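K.L.:
Following this message is one structure expressed as structure tokens.
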Amino acid sequence: MSDELYIAAASSWLPERMTLDEAERAGLAERARVWNTGIESVCVSADKSAPEMAVLAARAALERAKSEPEDLHLLLHACTYHQGHDVWPPASYIQQFSGGGSCPAIEVRQMSNGGMFALELAASYLIANDRPTALVTTADRFCPPGFDRWRSDPSSPFGDGGTAVVLSTRTGFARIRGLVSVSDSGLERGSRGERFSDAPMASGSPVDLNSDALVRELGVEALLNRIQAGQREAFDRACVQADVKFSDIDWYVLPNLGRTRMRAQYFDPFGIDPQRSTWSWGRQVGHLGAGDQFAGLAHLVSEGALEPGQTCLLSGVGAGFTWTAGILEIIAKP
């Protein structure tokens with residue numbers, strides 16, 4: 001049984017971008033509230049649902065990996081928001097329309113860390129069952145009336161898009177050297193409302209993610225310390241697995257959060273140079289829910305930025321209380 005794991009392909013399907021200027025002229029955003037996030041534009045899907053975008057990304061990834069339906073032994077789909085239908089399995093739709101064969105197709109929900117944690121689940125499945133290939137997709141569409149991409153989370157405007165990676169135990173352009181997840185369930189309160197509801201959106205819409213319950217409970221400094229502690233543990237353990245120093249990593253693929261959060265959670269505490277990260281691209285597409293990391297990796301591939309011998313860190317964070325870190329060694333020009 002092989003314990004080697006590779007990324008055979010990475011792809012994204014992102015719709016056209018709406019700039020902050022365009023959003024302001026349309027009455028969708030206020031520059032005074034958004035400018036300090038550093039986000040200049042976000043991807044907006046006018047008509048395609050989240051699963052439809054995932055299908056487009058999955059088809060491209062499977063084609064690049066030269067994977068046939070019979071090669072796939074698991075499909076995991078991660079998302080953070082409504083997938084277009086109620087009480088419905090979007091993973092099965094993605095499997096049907098992307099040519100994903102007849103393997104198990106399962107939805108994963110772990111908020112913005114969903115894609116990265118699905119990657120770890122798929123890796124464990126392939127190794128434990130001695131299977132060759134898995135497909136992991138993500139997709140979200142943050143649209144009215146349930147979600148206000150510019151206002152629901154004032155610190156990080158949201159973008160739409162689908163992403164996909166093909167995970168293989170046989171071959172690929174990147175070897176997974178480290179993959180670790182960490183959780184602090186004590187921070188779960190930060191994204192929970194005041195009371196449980198009986199139906200979706202029963203507490204009102206659009207979604208309001210501007211909760212300060214944990215700030216009141218713990219204080220800003222203590223909250224940041226716990227967030228940084230969880231992130232640091234994931235980074236440190238992944239680096240130990242990969243036998244690399246954090247400072248020697250060539251590329252950091254980070255969540256597409258607003259500038260203040262990027263500085264507080266990544267750039268300042270870990271000494272990450274924004275020029276060695278995907279920040280300059282991320283501020284053009286917005287926070288893609290569960291898909292920032294796969295889309296960021298696909299961006300580096302499309303730009304020709306990855307070279308054999310380099311290391312690339314993928315960092316996921318979900319609602320402030322789950323973290324997954326993956327370290328890739330680039331072994332071939334993608």
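Every chain in the structure tokens takes a letter, A first, then B, and so on in the order presented; its residues are numbered from 1, and the ligands are numbered from 1 following the presented order.
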List every residue of range 122-247 of chain A that DSSP, applied to the backbone of this structure, assigns to helix (DSSP H, G or I), and report them as JSON, numbers by chain.

P.N.:
{"A": [122, 123, 124, 125, 126, 127, 128, 129, 185, 186, 187, 188, 189, 190, 191, 213, 214, 215, 216, 217, 218, 220, 221, 222, 223, 224, 225, 226, 227, 228, 229, 230, 231, 232, 233, 234, 235, 236, 237, 238, 239, 240, 241, 242, 246, 247]}

K.L.:
Per residue of range 168-213 of chain A within 12 Å of range 104-128 of chain A, note the shortest atom pair and the distance in Å to one decimal, counting only C-alpha atoms, and order the rows by chain and increasing residue number, as a Markdown table.

P.N.:
```
| residue | atom | partner | partner_atom | distance |
| --- | --- | --- | --- | --- |
| A:Ser168 | CA | A:Leu126 | CA | 8.1 |
| A:Thr169 | CA | A:Leu126 | CA | 7.3 |
| A:Arg170 | CA | A:Leu126 | CA | 10.8 |
| A:Arg175 | CA | A:Ala123 | CA | 11.9 |
| A:Ile176 | CA | A:Ala123 | CA | 9.4 |
| A:Arg177 | CA | A:Ala123 | CA | 11.7 |
| A:Gly178 | CA | A:Glu120 | CA | 10.0 |
| A:Leu179 | CA | A:Glu120 | CA | 6.6 |
| A:Val180 | CA | A:Glu120 | CA | 7.6 |
| A:Ser181 | CA | A:Phe117 | CA | 7.1 |
| A:Val182 | CA | A:Phe117 | CA | 9.9 |
| A:Ser183 | CA | A:Asn113 | CA | 10.7 |
| A:Glu188 | CA | A:Met111 | CA | 11.5 |
| A:Ser191 | CA | A:Met111 | CA | 10.2 |
```

K.L.:
Could you produce a table of the residues of range 39-152 of chain A lying within 7 Å of range 8-23 of chain A, with the nearest pair of atoms per residue and their separation in Å rounded to one decimal, using only C-alpha atoms, ordered by chain and increasing residue number, as a Markdown table?

P.N.:
```
| residue | atom | partner | partner_atom | distance |
| --- | --- | --- | --- | --- |
| A:Glu40 | CA | A:Leu20 | CA | 5.6 |
| A:Ser41 | CA | A:Thr19 | CA | 4.0 |
| A:Val42 | CA | A:Arg17 | CA | 5.2 |
| A:Cys43 | CA | A:Arg17 | CA | 4.2 |
| A:Val44 | CA | A:Pro15 | CA | 5.8 |
| A:Ser45 | CA | A:Pro15 | CA | 5.4 |
| A:Met53 | CA | A:Trp13 | CA | 6.1 |
| A:Leu56 | CA | A:Trp13 | CA | 6.3 |
| A:Ala57 | CA | A:Ser12 | CA | 4.9 |
| A:Ala60 | CA | A:Ser11 | CA | 6.3 |
| A:Ala61 | CA | A:Ser11 | CA | 5.2 |
| A:Arg64 | CA | A:Ala9 | CA | 6.0 |
| A:Ala65 | CA | A:Ala9 | CA | 5.3 |
```

K.L.:
Restrict the selected residues to all heavy atoms and save them as a tab-separated table (two decimals), in the first residue's frame.

P.N.:
```
chain	number	residue	atom	x	y	z
A	40	GLU	N	-10.40	44.76	-3.77
A	40	GLU	CA	-10.66	45.66	-4.88
A	40	GLU	C	-11.80	45.19	-5.78
A	40	GLU	O	-12.44	46.00	-6.45
A	40	GLU	CB	-9.39	45.84	-5.71
A	40	GLU	CG	-8.25	46.46	-4.91
A	40	GLU	CD	-6.97	46.57	-5.70
A	40	GLU	OE1	-6.89	45.97	-6.81
A	40	GLU	OE2	-6.04	47.23	-5.23
A	41	SER	N	-12.06	43.89	-5.81
A	41	SER	CA	-13.14	43.33	-6.61
A	41	SER	C	-13.47	41.95	-6.09
A	41	SER	O	-12.67	41.34	-5.36
A	41	SER	CB	-12.77	43.27	-8.10
A	41	SER	OG	-11.63	42.47	-8.31
A	42	VAL	N	-14.65	41.43	-6.47
A	42	VAL	CA	-15.05	40.07	-6.10
A	42	VAL	C	-15.69	39.42	-7.32
A	42	VAL	O	-16.25	40.09	-8.18
A	42	VAL	CB	-16.03	40.05	-4.91
A	42	VAL	CG1	-15.40	40.62	-3.66
A	42	VAL	CG2	-17.31	40.80	-5.25
A	43	CYS	N	-15.59	38.10	-7.38
A	43	CYS	CA	-16.22	37.34	-8.47
A	43	CYS	C	-17.71	37.19	-8.19
A	43	CYS	O	-18.10	36.83	-7.08
A	43	CYS	CB	-15.58	35.96	-8.60
A	43	CYS	SG	-13.86	36.01	-9.15
A	44	VAL	N	-18.53	37.46	-9.19
A	44	VAL	CA	-19.99	37.42	-9.02
A	44	VAL	C	-20.61	36.58	-10.13
A	44	VAL	O	-20.47	36.89	-11.32
A	44	VAL	CB	-20.59	38.84	-9.06
A	44	VAL	CG1	-22.11	38.77	-8.94
A	44	VAL	CG2	-20.02	39.69	-7.93
A	45	SER	N	-21.30	35.52	-9.73
A	45	SER	CA	-21.99	34.67	-10.69
A	45	SER	C	-23.39	35.21	-10.95
A	45	SER	O	-24.21	35.30	-10.02
A	45	SER	CB	-22.08	33.23	-10.18
A	45	SER	OG	-22.88	32.44	-11.02
A	53	MET	N	-20.85	25.57	-11.00
A	53	MET	CA	-19.47	26.05	-11.07
A	53	MET	C	-18.49	24.96	-10.65
A	53	MET	O	-17.40	24.83	-11.22
A	53	MET	CB	-19.31	27.30	-10.20
A	53	MET	CG	-20.04	28.52	-10.74
A	53	MET	SD	-19.71	30.05	-9.82
A	53	MET	CE	-20.73	29.80	-8.36
A	56	LEU	N	-17.84	22.61	-13.59
A	56	LEU	CA	-16.91	23.16	-14.58
A	56	LEU	C	-15.47	23.04	-14.10
A	56	LEU	O	-14.57	22.70	-14.87
A	56	LEU	CB	-17.27	24.61	-14.88
A	56	LEU	CG	-18.61	24.81	-15.58
A	56	LEU	CD1	-18.99	26.29	-15.62
A	56	LEU	CD2	-18.58	24.23	-16.98
A	57	ALA	N	-15.24	23.32	-12.82
A	57	ALA	CA	-13.89	23.18	-12.27
A	57	ALA	C	-13.46	21.71	-12.25
A	57	ALA	O	-12.32	21.38	-12.56
A	57	ALA	CB	-13.83	23.76	-10.86
A	60	ALA	N	-12.42	20.34	-15.72
A	60	ALA	CA	-11.09	20.80	-16.12
A	60	ALA	C	-10.00	20.07	-15.35
A	60	ALA	O	-8.97	19.67	-15.92
A	60	ALA	CB	-10.97	22.31	-15.89
A	61	ALA	N	-10.20	19.85	-14.04
A	61	ALA	CA	-9.19	19.16	-13.23
A	61	ALA	C	-9.03	17.71	-13.67
A	61	ALA	O	-7.91	17.20	-13.78
A	61	ALA	CB	-9.56	19.23	-11.75
A	64	ARG	N	-7.12	17.59	-16.95
A	64	ARG	CA	-5.69	17.85	-16.76
A	64	ARG	C	-4.98	16.67	-16.12
A	64	ARG	O	-3.82	16.40	-16.41
A	64	ARG	CB	-5.50	19.11	-15.90
A	64	ARG	CG	-5.94	20.38	-16.59
A	64	ARG	CD	-5.94	21.56	-15.65
A	64	ARG	NE	-6.54	22.73	-16.28
A	64	ARG	CZ	-6.76	23.88	-15.68
A	64	ARG	NH1	-6.44	24.03	-14.40
A	64	ARG	NH2	-7.32	24.89	-16.33
A	65	ALA	N	-5.67	15.98	-15.22
A	65	ALA	CA	-5.07	14.82	-14.55
A	65	ALA	C	-5.14	13.56	-15.40
A	65	ALA	O	-4.58	12.53	-15.01
A	65	ALA	CB	-5.77	14.58	-13.21
```

K.L.:
Residues at most 9 Å from Gly101 in chain A, counting only C-alpha atoms, excluding those fewer than 4 positions away in the same chain, as a ChimeraX atom specification?

P.N.:
/A:68-73,95-96

K.L.:
Could you tell me how far CA of Asp250 in chain A sits from CA of Ala295 in chain A, in Å to one decimal place?

P.N.:
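Separation between CA of Ala295 in chain A and CA of Asp250 in chain A: 17.6 Å.
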
K.L.:
Using only C-alpha atoms, can you tell me which of A:Leu28, A:Leu214, A:Val55, A:Ala290 comes closest to Gly318 in chain A?

P.N.:
A:Ala290

K.L.:
Leaving out Ala54 in chain A and any residue of its chain fewer than 3 positions from it, which residues lie within 8 Å of it when counting only C-alpha atoms, given as a PDB file with C-alpha atoms, in the first residue's frame?

P.N.:
```
ATOM      1  CA  TRP A  13     -13.967  28.268 -12.475  1.00  0.00           C
ATOM      2  CA  ALA A  50     -22.557  26.757  -6.889  1.00  0.00           C
ATOM      3  CA  PRO A  51     -22.743  23.085  -8.004  1.00  0.00           C
ATOM      4  CA  ALA A  57     -13.888  23.177 -12.271  1.00  0.00           C
ATOM      5  CA  ALA A  58     -14.080  19.382 -11.818  1.00  0.00           C
ATOM      6  CA  ILE A  94     -21.326  17.152  -9.328  1.00  0.00           C
ATOM      7  CA  THR A 137     -14.439  20.093  -5.163  1.00  0.00           C
ATOM      8  CA  THR A 138     -15.682  23.290  -3.556  1.00  0.00           C
ATOM      9  CA  ALA A 139     -18.234  25.873  -4.658  1.00  0.00           C
ATOM     10  CA  GLY A 161     -16.643  30.295  -7.736  1.00  0.00           C
ATOM     11  CA  GLY A 162     -15.976  26.586  -8.062  1.00  0.00           C
ATOM     12  CA  THR A 163     -12.688  24.758  -7.519  1.00  0.00           C
ATOM     13  CA  ALA A 164     -11.353  21.214  -7.820  1.00  0.00           C
TER      14      ALA A 164
END
```

K.L.:
Which residues, written as a ChimeraX atom specification, have at least one atom at most 12 Å from Gln275 in chain A, with only C-alpha atoms counted and residues fewer than 5 positions away on the same chain left out?

P.N.:
/A:250-254,267,280-282

K.L.:
Kindly save the residues from that selection, with C-alpha atoms included, as an mmCIF file, in the first residue's frame.

P.N.:
```cif
data_model
loop_
_atom_site.group_PDB
_atom_site.id
_atom_site.type_symbol
_atom_site.label_atom_id
_atom_site.label_comp_id
_atom_site.auth_asym_id
_atom_site.auth_seq_id
_atom_site.Cartn_x
_atom_site.Cartn_y
_atom_site.Cartn_z
ATOM 1 C CA ASP A 250 8.419 29.523 -1.197
ATOM 2 C CA TRP A 251 4.676 30.177 -1.566
ATOM 3 C CA TYR A 252 1.899 30.717 0.979
ATOM 4 C CA VAL A 253 -1.629 30.084 -0.332
ATOM 5 C CA LEU A 254 -3.802 31.806 2.263
ATOM 6 C CA PHE A 267 1.403 38.481 7.922
ATOM 7 C CA SER A 280 -2.432 40.251 -4.472
ATOM 8 C CA TRP A 281 -4.666 37.810 -6.384
ATOM 9 C CA GLY A 282 -7.079 37.107 -3.513
#
```

K.L.:
So how far away is CA of Arg59 in chain A from CA of Asp86 in chain A, in Å?

P.N.:
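Calculated distance between CA of Asp86 in chain A and CA of Arg59 in chain A is 24.7 Å.
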
K.L.:
So which bits of range 21-269 of chain A end up strand (DSSP E) when you DSSP the backbone, as a CSV table (one decimal) with N, CA, C and O atoms, in the first residue's frame?

P.N.:
```
chain,number,residue,atom,x,y,z
A,41,SER,N,-12.1,43.9,-5.8
A,41,SER,CA,-13.1,43.3,-6.6
A,41,SER,C,-13.5,41.9,-6.1
A,41,SER,O,-12.7,41.3,-5.4
A,42,VAL,N,-14.7,41.4,-6.5
A,42,VAL,CA,-15.0,40.1,-6.1
A,42,VAL,C,-15.7,39.4,-7.3
A,42,VAL,O,-16.2,40.1,-8.2
A,43,CYS,N,-15.6,38.1,-7.4
A,43,CYS,CA,-16.2,37.3,-8.5
A,43,CYS,C,-17.7,37.2,-8.2
A,43,CYS,O,-18.1,36.8,-7.1
A,72,LEU,N,-11.6,7.1,-10.3
A,72,LEU,CA,-12.0,7.8,-9.1
A,72,LEU,C,-12.6,6.8,-8.1
A,72,LEU,O,-13.5,6.0,-8.4
A,73,HIS,N,-12.2,7.0,-6.8
A,73,HIS,CA,-12.8,6.1,-5.8
A,73,HIS,C,-13.4,6.9,-4.6
A,73,HIS,O,-13.9,6.3,-3.7
A,74,LEU,N,-13.4,8.3,-4.8
A,74,LEU,CA,-14.1,9.1,-3.8
A,74,LEU,C,-14.2,10.5,-4.4
A,74,LEU,O,-13.3,11.0,-5.0
A,75,LEU,N,-15.4,11.1,-4.1
A,75,LEU,CA,-15.6,12.5,-4.5
A,75,LEU,C,-16.2,13.2,-3.2
A,75,LEU,O,-17.2,12.8,-2.7
A,76,LEU,N,-15.5,14.2,-2.8
A,76,LEU,CA,-15.9,15.0,-1.7
A,76,LEU,C,-16.1,16.5,-2.2
A,76,LEU,O,-15.3,17.0,-2.9
A,77,HIS,N,-17.3,17.0,-1.8
A,77,HIS,CA,-17.6,18.4,-2.2
A,77,HIS,C,-17.8,19.2,-0.9
A,77,HIS,O,-18.6,18.9,0.0
A,78,ALA,N,-17.0,20.3,-0.8
A,78,ALA,CA,-17.1,21.2,0.4
A,78,ALA,C,-17.7,22.5,0.0
A,78,ALA,O,-17.5,23.0,-1.0
A,105,ALA,N,-19.9,9.7,-3.2
A,105,ALA,CA,-19.9,11.2,-3.4
A,105,ALA,C,-20.5,11.8,-2.2
A,105,ALA,O,-21.7,11.6,-1.9
A,106,ILE,N,-19.8,12.6,-1.4
A,106,ILE,CA,-20.2,13.1,-0.1
A,106,ILE,C,-19.9,14.5,0.1
A,106,ILE,O,-18.9,15.1,-0.4
A,107,GLU,N,-20.9,15.2,0.7
A,107,GLU,CA,-20.7,16.6,1.0
A,107,GLU,C,-20.0,16.8,2.4
A,107,GLU,O,-20.2,16.1,3.3
A,108,VAL,N,-19.1,17.8,2.4
A,108,VAL,CA,-18.3,18.1,3.6
A,108,VAL,C,-18.7,19.6,4.0
A,108,VAL,O,-18.6,20.5,3.2
A,133,THR,N,-7.2,7.4,-6.6
A,133,THR,CA,-7.5,8.7,-7.0
A,133,THR,C,-8.8,9.2,-6.3
A,133,THR,O,-9.8,8.4,-6.2
A,134,ALA,N,-8.8,10.5,-5.9
A,134,ALA,CA,-10.0,11.1,-5.4
A,134,ALA,C,-10.2,12.5,-6.0
A,134,ALA,O,-9.2,13.1,-6.4
A,135,LEU,N,-11.4,13.0,-6.1
A,135,LEU,CA,-11.7,14.3,-6.5
A,135,LEU,C,-12.3,15.1,-5.4
A,135,LEU,O,-13.2,14.6,-4.7
A,136,VAL,N,-11.7,16.3,-5.1
A,136,VAL,CA,-12.3,17.2,-4.1
A,136,VAL,C,-12.7,18.5,-4.8
A,136,VAL,O,-11.9,19.1,-5.5
A,137,THR,N,-13.9,18.9,-4.6
A,137,THR,CA,-14.4,20.1,-5.2
A,137,THR,C,-14.9,21.0,-4.1
A,137,THR,O,-15.3,20.6,-3.0
A,138,THR,N,-15.0,22.3,-4.4
A,138,THR,CA,-15.7,23.3,-3.6
A,138,THR,C,-16.5,24.2,-4.5
A,138,THR,O,-16.1,24.4,-5.6
A,139,ALA,N,-17.5,24.8,-3.9
A,139,ALA,CA,-18.2,25.9,-4.7
A,139,ALA,C,-19.2,26.6,-3.7
A,139,ALA,O,-19.8,26.0,-2.8
A,140,ASP,N,-19.3,27.9,-3.9
A,140,ASP,CA,-20.3,28.7,-3.2
A,140,ASP,C,-20.7,29.9,-4.1
A,140,ASP,O,-19.9,30.4,-4.9
A,161,GLY,N,-17.5,31.1,-6.9
A,161,GLY,CA,-16.6,30.3,-7.7
A,161,GLY,C,-16.6,28.8,-7.4
A,161,GLY,O,-17.0,28.5,-6.3
A,162,GLY,N,-16.2,28.0,-8.3
A,162,GLY,CA,-16.0,26.6,-8.1
A,162,GLY,C,-14.5,26.2,-8.2
A,162,GLY,O,-13.8,26.8,-9.0
A,163,THR,N,-14.1,25.2,-7.4
A,163,THR,CA,-12.7,24.8,-7.5
A,163,THR,C,-12.6,23.2,-7.5
A,163,THR,O,-13.6,22.6,-7.1
A,164,ALA,N,-11.5,22.7,-7.9
A,164,ALA,CA,-11.4,21.2,-7.8
A,164,ALA,C,-9.9,20.9,-7.8
A,164,ALA,O,-9.0,21.5,-8.4
A,165,VAL,N,-9.6,19.8,-7.0
A,165,VAL,CA,-8.2,19.2,-7.1
A,165,VAL,C,-8.4,17.7,-7.3
A,165,VAL,O,-9.4,17.1,-6.7
A,166,VAL,N,-7.5,17.1,-8.0
A,166,VAL,CA,-7.4,15.6,-8.1
A,166,VAL,C,-6.3,15.1,-7.3
A,166,VAL,O,-5.1,15.6,-7.4
A,167,LEU,N,-6.6,14.3,-6.3
A,167,LEU,CA,-5.6,13.7,-5.4
A,167,LEU,C,-5.3,12.3,-5.8
A,167,LEU,O,-6.2,11.5,-6.2
A,168,SER,N,-4.0,12.0,-5.9
A,168,SER,CA,-3.6,10.7,-6.4
A,168,SER,C,-2.5,10.1,-5.5
A,168,SER,O,-1.7,10.7,-4.9
A,174,ALA,N,2.7,17.8,-7.6
A,174,ALA,CA,3.1,18.2,-6.3
A,174,ALA,C,2.9,17.0,-5.3
A,174,ALA,O,1.9,16.4,-5.4
A,175,ARG,N,3.9,16.8,-4.5
A,175,ARG,CA,3.8,15.7,-3.5
A,175,ARG,C,3.4,16.4,-2.2
A,175,ARG,O,3.9,17.4,-1.8
A,176,ILE,N,2.4,15.8,-1.5
A,176,ILE,CA,2.0,16.3,-0.2
A,176,ILE,C,2.9,15.8,0.8
A,176,ILE,O,3.0,14.6,1.1
A,177,ARG,N,3.6,16.7,1.4
A,177,ARG,CA,4.7,16.4,2.4
A,177,ARG,C,4.1,16.4,3.9
A,177,ARG,O,4.6,15.8,4.8
A,178,GLY,N,3.1,17.3,4.1
A,178,GLY,CA,2.5,17.5,5.4
A,178,GLY,C,1.1,17.9,5.3
A,178,GLY,O,0.7,18.7,4.4
A,179,LEU,N,0.2,17.4,6.2
A,179,LEU,CA,-1.2,17.7,6.1
A,179,LEU,C,-1.8,17.5,7.5
A,179,LEU,O,-1.9,16.3,8.0
A,180,VAL,N,-2.2,18.6,8.2
A,180,VAL,CA,-2.5,18.5,9.6
A,180,VAL,C,-3.8,19.4,9.8
A,180,VAL,O,-3.8,20.5,9.3
A,181,SER,N,-4.7,18.9,10.6
A,181,SER,CA,-5.9,19.7,11.1
A,181,SER,C,-5.9,19.9,12.6
A,181,SER,O,-5.5,19.0,13.3
A,182,VAL,N,-6.3,21.0,13.0
A,182,VAL,CA,-6.4,21.4,14.4
A,182,VAL,C,-7.7,22.1,14.7
A,182,VAL,O,-8.2,22.8,13.8
A,183,SER,N,-8.3,21.8,15.9
A,183,SER,CA,-9.6,22.4,16.2
A,183,SER,C,-9.6,23.0,17.6
A,183,SER,O,-9.0,22.4,18.5
A,251,TRP,N,6.0,29.6,-1.3
A,251,TRP,CA,4.7,30.2,-1.6
A,251,TRP,C,3.7,29.9,-0.4
A,251,TRP,O,3.6,28.7,0.0
A,252,TYR,N,2.9,30.9,0.0
A,252,TYR,CA,1.9,30.7,1.0
A,252,TYR,C,0.5,31.0,0.3
A,252,TYR,O,0.2,32.1,-0.1
A,253,VAL,N,-0.3,29.9,0.2
A,253,VAL,CA,-1.6,30.1,-0.3
A,253,VAL,C,-2.6,30.2,0.9
A,253,VAL,O,-2.8,29.3,1.6
```
